[in-house]
$ cat structure.pdb   # PDB, C-alpha atoms, pLDDT in the B column
ATOM      1  CA  MET A   6      97.509  65.686  96.078  1.00 50.00           C
ATOM      2  CA  VAL A   7      95.713  62.595  94.865  1.00 50.00           C
ATOM      3  CA  SER A   8      97.787  60.456  92.543  1.00 61.00           C
ATOM      4  CA  PRO A   9      96.531  60.039  88.968  1.00 69.00           C
ATOM      5  CA  VAL A  10      97.428  56.349  89.090  1.00 62.00           C
ATOM      6  CA  ARG A  11      94.633  54.026  90.108  1.00 54.00           C
ATOM      7  CA  TYR A  12      95.770  50.668  91.472  1.00 43.00           C
ATOM      8  CA  LEU A  13      93.590  47.615  90.905  1.00 41.00           C
ATOM      9  CA  CYS A  14      93.759  44.044  92.147  1.00 36.00           C
ATOM     10  CA  PHE A  15      94.664  42.140  88.989  1.00 33.00           C
ATOM     11  CA  SER A  16      92.877  39.024  90.164  1.00 33.00           C
ATOM     12  CA  SER A  17      89.774  41.144  89.699  1.00 35.00           C
ATOM     13  CA  LEU A  18      90.492  44.147  87.483  1.00 34.00           C
ATOM     14  CA  LEU A  19      87.220  45.771  88.359  1.00 32.00           C
ATOM     15  CA  GLY A  20      87.927  45.776  92.108  1.00 35.00           C
ATOM     16  CA  ILE A  21      89.754  48.906  93.200  1.00 31.00           C
ATOM     17  CA  VAL A  22      91.913  48.167  96.218  1.00 29.00           C
ATOM     18  CA  ALA A  23      93.953  51.356  96.583  1.00 31.00           C
ATOM     19  CA  LEU A  24      94.753  54.804  95.236  1.00 29.00           C
ATOM     20  CA  SER A  25      98.319  56.014  95.500  1.00 34.00           C
ATOM     21  CA  SER A  26      98.242  59.181  97.607  1.00 28.00           C
ATOM     22  CA  ALA A  27     101.470  60.674  96.291  1.00 30.00           C
ATOM     23  CA  PHE A  28     104.198  59.866  93.823  1.00 31.00           C
ATOM     24  CA  GLN A  29     107.604  58.575  94.753  1.00 32.00           C
ATOM     25  CA  SER A  30     110.454  59.325  92.366  1.00 34.00           C
ATOM     26  CA  PRO A  31     109.526  57.528  89.113  1.00 33.00           C
ATOM     27  CA  ARG A  32     111.414  54.287  88.588  1.00 34.00           C
ATOM     28  CA  THR A  33     113.057  53.040  85.444  1.00 33.00           C
ATOM     29  CA  LEU A  34     111.908  49.982  83.565  1.00 36.00           C
ATOM     30  CA  SER A  35     112.514  46.673  85.271  1.00 33.00           C
ATOM     31  CA  LEU A  36     110.336  43.778  84.128  1.00 33.00           C
ATOM     32  CA  ARG A  37     109.108  45.501  80.989  1.00 47.00           C
ATOM     33  CA  SER A  38     109.386  44.781  77.316  1.00 46.00           C
ATOM     34  CA  VAL A  39     108.776  48.467  76.538  1.00 51.00           C
ATOM     35  CA  PRO A  40     112.021  50.310  75.659  1.00 52.00           C
ATOM     36  CA  LEU A  41     113.010  53.370  77.702  1.00 52.00           C
ATOM     37  CA  TRP A  42     114.688  56.477  76.266  1.00 49.00           C
ATOM     38  CA  ARG A  43     116.144  59.290  78.403  1.00 52.00           C
ATOM     39  CA  SER A  44     116.762  62.895  77.425  1.00 50.00           C
ATOM     40  CA  SER A  45     119.080  65.518  78.852  1.00 47.00           C
ATOM     41  CA  LEU A  46     119.128  67.923  75.921  1.00 45.00           C
ATOM     42  CA  SER A  47     118.584  71.144  77.871  1.00 50.00           C
ATOM     43  CA  ASN A  48     117.811  72.463  81.327  1.00 59.00           C
ATOM     44  CA  SER A  49     114.058  72.034  80.886  1.00 84.00           C
ATOM     45  CA  ALA A  50     112.317  68.661  80.826  1.00 89.00           C
ATOM     46  CA  SER A  51     109.146  70.143  79.360  1.00 89.00           C
ATOM     47  CA  GLU A  52     111.040  72.002  76.613  1.00 89.00           C
ATOM     48  CA  ASP A  53     112.889  68.818  75.705  1.00 90.00           C
ATOM     49  CA  ALA A  54     109.632  66.894  75.595  1.00 92.00           C
ATOM     50  CA  GLU A  55     107.917  69.541  73.481  1.00 92.00           C
ATOM     51  CA  ALA A  56     110.785  69.607  70.979  1.00 92.00           C
ATOM     52  CA  HIS A  57     110.865  65.819  70.800  1.00 94.00           C
ATOM     53  CA  MET A  58     107.113  65.621  70.227  1.00 94.00           C
ATOM     54  CA  ALA A  59     107.210  68.276  67.506  1.00 94.00           C
ATOM     55  CA  GLU A  60     109.867  66.286  65.645  1.00 95.00           C
ATOM     56  CA  ASN A  61     108.770  62.704  66.283  1.00 96.00           C
ATOM     57  CA  TYR A  62     105.021  62.917  66.946  1.00 97.00           C
ATOM     58  CA  PRO A  63     103.967  65.948  64.887  1.00 97.00           C
ATOM     59  CA  SER A  64     100.289  64.998  64.627  1.00 97.00           C
ATOM     60  CA  CYS A  65     100.001  64.472  68.378  1.00 96.00           C
ATOM     61  CA  TYR A  66     101.915  67.689  69.011  1.00 95.00           C
ATOM     62  CA  ASP A  67      99.491  69.610  66.806  1.00 95.00           C
ATOM     63  CA  LEU A  68      96.526  68.041  68.605  1.00 95.00           C
ATOM     64  CA  LEU A  69      97.831  69.023  72.053  1.00 94.00           C
ATOM     65  CA  SER A  70      98.997  72.477  70.965  1.00 91.00           C
ATOM     66  CA  LYS A  71      95.683  73.485  69.400  1.00 89.00           C
ATOM     67  CA  ASN A  72      93.321  72.092  72.024  1.00 81.00           C
ATOM     68  CA  GLY A  73      92.783  73.122  75.613  1.00 68.00           C
ATOM     69  CA  ASP A  74      96.236  74.673  75.911  1.00 75.00           C
ATOM     70  CA  ALA A  75      97.484  71.188  76.800  1.00 82.00           C
ATOM     71  CA  MET A  76     101.103  71.974  75.920  1.00 84.00           C
ATOM     72  CA  LYS A  77     100.968  75.163  78.000  1.00 84.00           C
ATOM     73  CA  LYS A  78      99.713  73.157  80.973  1.00 87.00           C
ATOM     74  CA  ILE A  79     102.565  70.692  80.540  1.00 89.00           C
ATOM     75  CA  ASN A  80     105.137  73.489  80.435  1.00 85.00           C
ATOM     76  CA  LYS A  81     103.685  75.180  83.512  1.00 87.00           C
ATOM     77  CA  SER A  82     103.347  72.040  85.630  1.00 88.00           C
ATOM     78  CA  GLY A  83     105.740  72.313  88.562  1.00 86.00           C
ATOM     79  CA  ILE A  84     105.480  68.637  89.477  1.00 90.00           C
ATOM     80  CA  GLY A  85     106.029  66.987  86.133  1.00 94.00           C
ATOM     81  CA  PHE A  86     103.956  65.601  83.314  1.00 95.00           C
ATOM     82  CA  THR A  87     102.918  62.545  81.350  1.00 97.00           C
ATOM     83  CA  VAL A  88     101.853  62.435  77.714  1.00 97.00           C
ATOM     84  CA  PHE A  89     100.339  59.478  75.910  1.00 98.00           C
ATOM     85  CA  ALA A  90     101.405  60.151  72.341  1.00 98.00           C
ATOM     86  CA  PRO A  91      99.626  58.267  69.553  1.00 98.00           C
ATOM     87  CA  ASN A  92     102.218  57.703  66.852  1.00 98.00           C
ATOM     88  CA  GLU A  93     101.807  58.710  63.227  1.00 98.00           C
ATOM     89  CA  ALA A  94     100.514  55.254  62.314  1.00 98.00           C
ATOM     90  CA  ALA A  95      97.748  55.680  64.890  1.00 98.00           C
ATOM     91  CA  PHE A  96      96.650  58.938  63.257  1.00 97.00           C
ATOM     92  CA  ALA A  97      96.754  57.311  59.832  1.00 97.00           C
ATOM     93  CA  GLU A  98      94.544  54.483  61.074  1.00 97.00           C
ATOM     94  CA  LEU A  99      91.874  57.011  62.029  1.00 96.00           C
ATOM     95  CA  GLY A 100      91.073  57.408  58.363  1.00 96.00           C
ATOM     96  CA  GLU A 101      90.534  60.585  56.399  1.00 95.00           C
ATOM     97  CA  LYS A 102      87.117  61.395  57.883  1.00 94.00           C
ATOM     98  CA  LYS A 103      88.218  61.363  61.526  1.00 95.00           C
ATOM     99  CA  GLN A 104      91.429  63.206  60.707  1.00 95.00           C
ATOM    100  CA  GLU A 105      89.333  65.978  59.165  1.00 94.00           C
ATOM    101  CA  GLN A 106      86.979  65.973  62.140  1.00 93.00           C
ATOM    102  CA  LEU A 107      89.898  66.585  64.518  1.00 93.00           C
ATOM    103  CA  VAL A 108      90.753  69.874  62.799  1.00 91.00           C
ATOM    104  CA  ASP A 109      87.198  70.957  61.959  1.00 91.00           C
ATOM    105  CA  GLU A 110      86.265  74.050  64.007  1.00 88.00           C
ATOM    106  CA  ARG A 111      82.814  72.591  64.638  1.00 88.00           C
ATOM    107  CA  ASN A 112      84.455  69.784  66.593  1.00 91.00           C
ATOM    108  CA  GLY A 113      86.535  71.969  68.888  1.00 90.00           C
ATOM    109  CA  GLU A 114      84.989  70.554  72.043  1.00 91.00           C
ATOM    110  CA  VAL A 115      85.395  66.935  70.955  1.00 93.00           C
ATOM    111  CA  SER A 116      88.961  67.526  69.793  1.00 94.00           C
ATOM    112  CA  GLU A 117      89.856  69.258  73.062  1.00 93.00           C
ATOM    113  CA  LYS A 118      88.417  66.408  75.113  1.00 94.00           C
ATOM    114  CA  ILE A 119      90.363  63.839  73.083  1.00 95.00           C
ATOM    115  CA  ALA A 120      93.562  65.842  73.596  1.00 95.00           C
ATOM    116  CA  LEU A 121      93.097  66.124  77.370  1.00 94.00           C
ATOM    117  CA  TYR A 122      92.642  62.372  77.691  1.00 96.00           C
ATOM    118  CA  HIS A 123      96.281  62.070  76.627  1.00 97.00           C
ATOM    119  CA  VAL A 124      97.757  64.345  79.316  1.00 96.00           C
ATOM    120  CA  ILE A 125      98.488  63.985  83.043  1.00 97.00           C
ATOM    121  CA  LEU A 126     100.067  66.870  84.951  1.00 95.00           C
ATOM    122  CA  GLU A 127     102.206  64.537  87.059  1.00 95.00           C
ATOM    123  CA  PRO A 128     104.927  62.044  86.131  1.00 96.00           C
ATOM    124  CA  VAL A 129     103.661  58.500  85.595  1.00 96.00           C
ATOM    125  CA  SER A 130     106.407  56.034  84.720  1.00 95.00           C
ATOM    126  CA  ALA A 131     106.196  52.750  82.828  1.00 93.00           C
ATOM    127  CA  ASP A 132     106.440  50.905  86.141  1.00 92.00           C
ATOM    128  CA  ASP A 133     103.528  52.940  87.490  1.00 94.00           C
ATOM    129  CA  LEU A 134     101.439  51.987  84.475  1.00 94.00           C
ATOM    130  CA  PHE A 135     102.425  48.332  84.665  1.00 92.00           C
ATOM    131  CA  ASN A 136     101.429  48.054  88.329  1.00 92.00           C
ATOM    132  CA  SER A 137      98.223  50.060  88.066  1.00 90.00           C
ATOM    133  CA  GLY A 138      94.785  49.392  86.735  1.00 89.00           C
ATOM    134  CA  GLY A 139      94.324  52.832  85.254  1.00 94.00           C
ATOM    135  CA  VAL A 140      95.137  56.527  85.388  1.00 96.00           C
ATOM    136  CA  ILE A 141      93.255  59.780  85.852  1.00 96.00           C
ATOM    137  CA  THR A 142      94.065  62.068  82.926  1.00 96.00           C
ATOM    138  CA  GLU A 143      93.038  65.684  82.396  1.00 94.00           C
ATOM    139  CA  GLY A 144      90.161  64.315  80.334  1.00 94.00           C
ATOM    140  CA  GLY A 145      89.046  61.541  82.666  1.00 95.00           C
ATOM    141  CA  GLU A 146      89.793  57.999  83.736  1.00 96.00           C
ATOM    142  CA  VAL A 147      91.537  55.541  81.425  1.00 97.00           C
ATOM    143  CA  LEU A 148      91.815  51.873  82.374  1.00 94.00           C
ATOM    144  CA  SER A 149      95.018  49.946  81.751  1.00 92.00           C
ATOM    145  CA  GLU A 150      95.813  46.264  81.467  1.00 91.00           C
ATOM    146  CA  ARG A 151      98.930  44.174  81.180  1.00 88.00           C
ATOM    147  CA  SER A 152      99.203  43.014  77.594  1.00 74.00           C
ATOM    148  CA  VAL A 153      99.120  39.320  76.747  1.00 72.00           C
ATOM    149  CA  SER A 154     100.693  37.441  73.841  1.00 70.00           C
ATOM    150  CA  GLY A 155     100.068  33.968  72.523  1.00 62.00           C
ATOM    151  CA  GLY A 156      97.159  31.733  73.350  1.00 62.00           C
ATOM    152  CA  PHE A 157      94.123  30.994  71.256  1.00 61.00           C
ATOM    153  CA  PHE A 158      91.317  33.560  71.007  1.00 59.00           C
ATOM    154  CA  GLY A 159      92.555  35.210  74.195  1.00 57.00           C
ATOM    155  CA  VAL A 160      92.845  31.942  76.142  1.00 64.00           C
ATOM    156  CA  GLY A 161      96.156  30.582  77.386  1.00 62.00           C
ATOM    157  CA  GLY A 162      98.212  33.659  76.584  1.00 63.00           C
ATOM    158  CA  LYS A 163     100.974  35.000  78.808  1.00 69.00           C
ATOM    159  CA  GLU A 164     101.821  38.514  79.959  1.00 66.00           C
ATOM    160  CA  ASP A 165     104.486  39.946  77.665  1.00 63.00           C
ATOM    161  CA  GLY A 166     105.663  42.777  79.914  1.00 74.00           C
ATOM    162  CA  GLY A 167     103.675  45.429  78.068  1.00 87.00           C
ATOM    163  CA  VAL A 168     100.705  47.606  78.922  1.00 92.00           C
ATOM    164  CA  THR A 169      97.577  48.626  77.021  1.00 94.00           C
ATOM    165  CA  MET A 170      95.628  51.802  77.732  1.00 95.00           C
ATOM    166  CA  ASN A 171      92.004  51.521  76.667  1.00 95.00           C
ATOM    167  CA  GLY A 172      93.156  48.968  74.104  1.00 94.00           C
ATOM    168  CA  ALA A 173      96.091  51.011  72.779  1.00 96.00           C
ATOM    169  CA  LYS A 174      99.487  49.463  73.456  1.00 95.00           C
ATOM    170  CA  VAL A 175     102.381  51.422  74.939  1.00 96.00           C
ATOM    171  CA  VAL A 176     105.230  50.738  72.524  1.00 94.00           C
ATOM    172  CA  LYS A 177     107.920  53.048  73.904  1.00 93.00           C
ATOM    173  CA  THR A 178     108.529  55.166  77.003  1.00 95.00           C
ATOM    174  CA  LEU A 179     110.627  58.326  76.955  1.00 94.00           C
ATOM    175  CA  GLU A 180     111.846  60.014  80.129  1.00 94.00           C
ATOM    176  CA  PHE A 181     112.705  63.716  80.480  1.00 94.00           C
ATOM    177  CA  GLU A 182     114.218  65.206  83.618  1.00 90.00           C
ATOM    178  CA  ASP A 183     115.639  68.460  84.914  1.00 88.00           C
ATOM    179  CA  ASP A 184     116.528  69.710  88.396  1.00 87.00           C
ATOM    180  CA  LYS A 185     112.911  70.423  89.299  1.00 88.00           C
ATOM    181  CA  LYS A 186     110.678  67.903  87.596  1.00 90.00           C
ATOM    182  CA  LYS A 187     110.402  64.744  85.578  1.00 93.00           C
ATOM    183  CA  GLY A 188     108.199  63.884  82.650  1.00 95.00           C
ATOM    184  CA  PHE A 189     107.293  60.898  80.507  1.00 96.00           C
ATOM    185  CA  ILE A 190     106.067  60.407  76.973  1.00 97.00           C
ATOM    186  CA  HIS A 191     104.476  57.028  76.392  1.00 97.00           C
ATOM    187  CA  GLU A 192     104.203  56.339  72.669  1.00 97.00           C
ATOM    188  CA  THR A 193     101.025  54.393  71.898  1.00 98.00           C
ATOM    189  CA  ASP A 194      99.802  52.604  68.800  1.00 97.00           C
ATOM    190  CA  GLY A 195      96.320  54.083  69.162  1.00 98.00           C
ATOM    191  CA  PHE A 196      94.255  56.719  70.931  1.00 98.00           C
ATOM    192  CA  ILE A 197      93.508  56.119  74.608  1.00 98.00           C
ATOM    193  CA  SER A 198      90.472  58.428  74.718  1.00 97.00           C
ATOM    194  CA  PRO A 199      87.012  56.800  74.802  1.00 96.00           C
ATOM    195  CA  SER A 200      85.833  55.899  71.319  1.00 94.00           C
ATOM    196  CA  ILE A 201      82.348  57.185  72.178  1.00 94.00           C
ATOM    197  CA  LEU A 202      83.673  60.752  71.835  1.00 95.00           C
ATOM    198  CA  TRP A 203      83.703  60.342  68.062  1.00 93.00           C
ATOM    199  CA  ARG A 204      79.912  60.015  68.113  1.00 91.00           C
ATOM    200  CA  TYR A 205      79.680  63.685  69.010  1.00 90.00           C
ATOM    201  CA  ALA A 206      81.866  64.880  66.147  1.00 88.00           C
ATOM    202  CA  ASP A 207      80.138  67.325  63.781  1.00 77.00           C
ATOM    203  CA  GLN A 208      77.743  68.311  66.582  1.00 72.00           C
ATOM    204  CA  LEU A 209      77.735  71.657  68.329  1.00 55.00           C
ATOM    205  CA  ARG A 210      78.249  70.314  71.844  1.00 55.00           C
ATOM    206  CA  ILE A 211      78.920  67.110  73.748  1.00 55.00           C
ATOM    207  CA  PRO A 212      75.728  66.231  75.687  1.00 56.00           C
ATOM    208  CA  GLY A 213      76.029  67.057  79.378  1.00 56.00           C
ATOM    209  CA  THR A 214      78.693  69.747  78.984  1.00 57.00           C
ATOM    210  CA  SER A 215      78.245  73.472  79.455  1.00 51.00           C
TER     211      SER A 215
END

$ encode --input "structure.pdb" --output "structure tokens"
Amino acid sequence: MVSPVRYLCFSSLLGIVALSSAFQSPRTLSLRSVPLWRSSLSNSASEDAEAHMAENYPSCYDLLSKNGDAMKKINKSGIGFTVFAPNEAAFAELGEKKQEQLVDERNGEVSEKIALYHVILEPVSADDLFNSGGVITEGGEVLSERSVSGGFFGVGGKEDGGVTMNGAKVVKTLEFEDDKKKGFIHETDGFISPSILWRYADQLRIPGTS
């Protein structure tokens, strides 16, 4: 099975040097500023994750539950799972128009595509993200970068131990594990799906799809 994590040479982020062929057991945070939370609430990692999302990320949970059976795929995955969960502030920042577009039946295809960009049916830890240049989600490829703080207009800043996914910063990582699989929820301060998808809202179909 091809790993969803795409590793890039950070001296040239556009140069792909390797693809991980399989996952090792996910590691815990080491040189990260992103906090890690672990759950052992029940005997099912996916059930724990679903319950946690419903309580703490209700807007994201609704998006995944109503589009593309994303939550069903997570529950059925025998390997594990990864969810990039935009927090409630991220949904609020969309504005009223885009929030309405997400639930408008006319935008079912766009909404489903956005949802799938936030799901991977394998475990991808914070360390994996930090050391990669991107991931392959159910929706498509999303590039990642190590976040930088300080400097002046992007010059002279230093890595702060964080990661951004298509510009959205990972602010917290939650780990769920049972006897058979492991999963991660990475809380983000924005959506990691391509912004171009919003151009096709209120249209009948995304160009190029069937």

$ closest_atom_pairs --input "structure.pdb" --of "stretch 84-192 of chain A" --to "stretch 74-78 of chain A" --cutoff "10 Å" --atoms "only C-alpha atoms" --output "Markdown table"
| residue | atom | partner | partner_atom | distance |
| --- | --- | --- | --- | --- |
| A:Phe86 | CA | A:Lys78 | CA | 9.0 |
| A:Val88 | CA | A:Met76 | CA | 9.7 |
| A:Glu117 | CA | A:Ala75 | CA | 8.7 |
| A:Ala120 | CA | A:Ala75 | CA | 7.4 |
| A:Leu121 | CA | A:Ala75 | CA | 6.7 |
| A:His123 | CA | A:Ala75 | CA | 9.2 |
| A:Val124 | CA | A:Ala75 | CA | 7.3 |
| A:Ile125 | CA | A:Lys78 | CA | 9.5 |
| A:Leu126 | CA | A:Lys78 | CA | 7.4 |
| A:Glu143 | CA | A:Ala75 | CA | 9.0 |

$ write_last_selection --input "structure.pdb" --atoms "C-alpha atoms" --output "PDB file, in the frame of the given file"
ATOM      1  CA  PHE A  86     103.956  65.601  83.314  1.00 95.00           C
ATOM      2  CA  VAL A  88     101.853  62.435  77.714  1.00 97.00           C
ATOM      3  CA  GLU A 117      89.856  69.258  73.062  1.00 93.00           C
ATOM      4  CA  ALA A 120      93.562  65.842  73.596  1.00 95.00           C
ATOM      5  CA  LEU A 121      93.097  66.124  77.370  1.00 94.00           C
ATOM      6  CA  HIS A 123      96.281  62.070  76.627  1.00 97.00           C
ATOM      7  CA  VAL A 124      97.757  64.345  79.316  1.00 96.00           C
ATOM      8  CA  ILE A 125      98.488  63.985  83.043  1.00 97.00           C
ATOM      9  CA  LEU A 126     100.067  66.870  84.951  1.00 95.00           C
ATOM     10  CA  GLU A 143      93.038  65.684  82.396  1.00 94.00           C
TER      11      GLU A 143
END

$ closest_residue --input "structure.pdb" --among "A:Ser70, A:Ser200, A:Ser149, A:Asn92" --to "A:Asp133" --atoms "only C-alpha atoms"
A:Ser149

$ atom_distance --input "structure.pdb" --atom1 "atom CA of A:Tyr122" --atom2 "atom CA of A:Cys65"
12.1 Å

$ residues_near_point --input "structure.pdb" --point "(91.6, 71.0, 66.7)" --cutoff "10 Å" --atoms "only C-alpha atoms" --output "list in words"
Asp67, Leu68, Leu69, Ser70, Lys71, Asn72, Gly73, Gln104, Glu105, Gln106, Leu107, Val108, Asp109, Glu110, Arg111, Asn112, Gly113, Glu114, Val115, Ser116, Glu117, Ile119 and Ala120 of chain A

$ residues_around --input "structure.pdb" --residues "stretch 94-97 of chain A" --least-positions-apart "2" --cutoff "9 Å" --atoms "all atoms listed in the file" --output "number ranges by chain"
A: 64-65, 91-92, 99-101, 103-104, 193-196

$ residues_around --input "structure.pdb" --residues "A:Gly188" --least-positions-apart "3" --cutoff "8 Å" --atoms "all atoms listed in the file" --output "VMD selection string"
chain A and resid 50 to 51 54 85 to 87 127 to 129 180 to 182

$ write_last_selection --input "structure.pdb" --atoms "C-alpha atoms" --output "tab-separated table (two decimals), keeping the file's coordinate frame"
chain	number	residue	atom	x	y	z
A	50	ALA	CA	112.32	68.66	80.83
A	51	SER	CA	109.15	70.14	79.36
A	54	ALA	CA	109.63	66.89	75.60
A	85	GLY	CA	106.03	66.99	86.13
A	86	PHE	CA	103.96	65.60	83.31
A	87	THR	CA	102.92	62.54	81.35
A	127	GLU	CA	102.21	64.54	87.06
A	128	PRO	CA	104.93	62.04	86.13
A	129	VAL	CA	103.66	58.50	85.60
A	180	GLU	CA	111.85	60.01	80.13
A	181	PHE	CA	112.70	63.72	80.48
A	182	GLU	CA	114.22	65.21	83.62
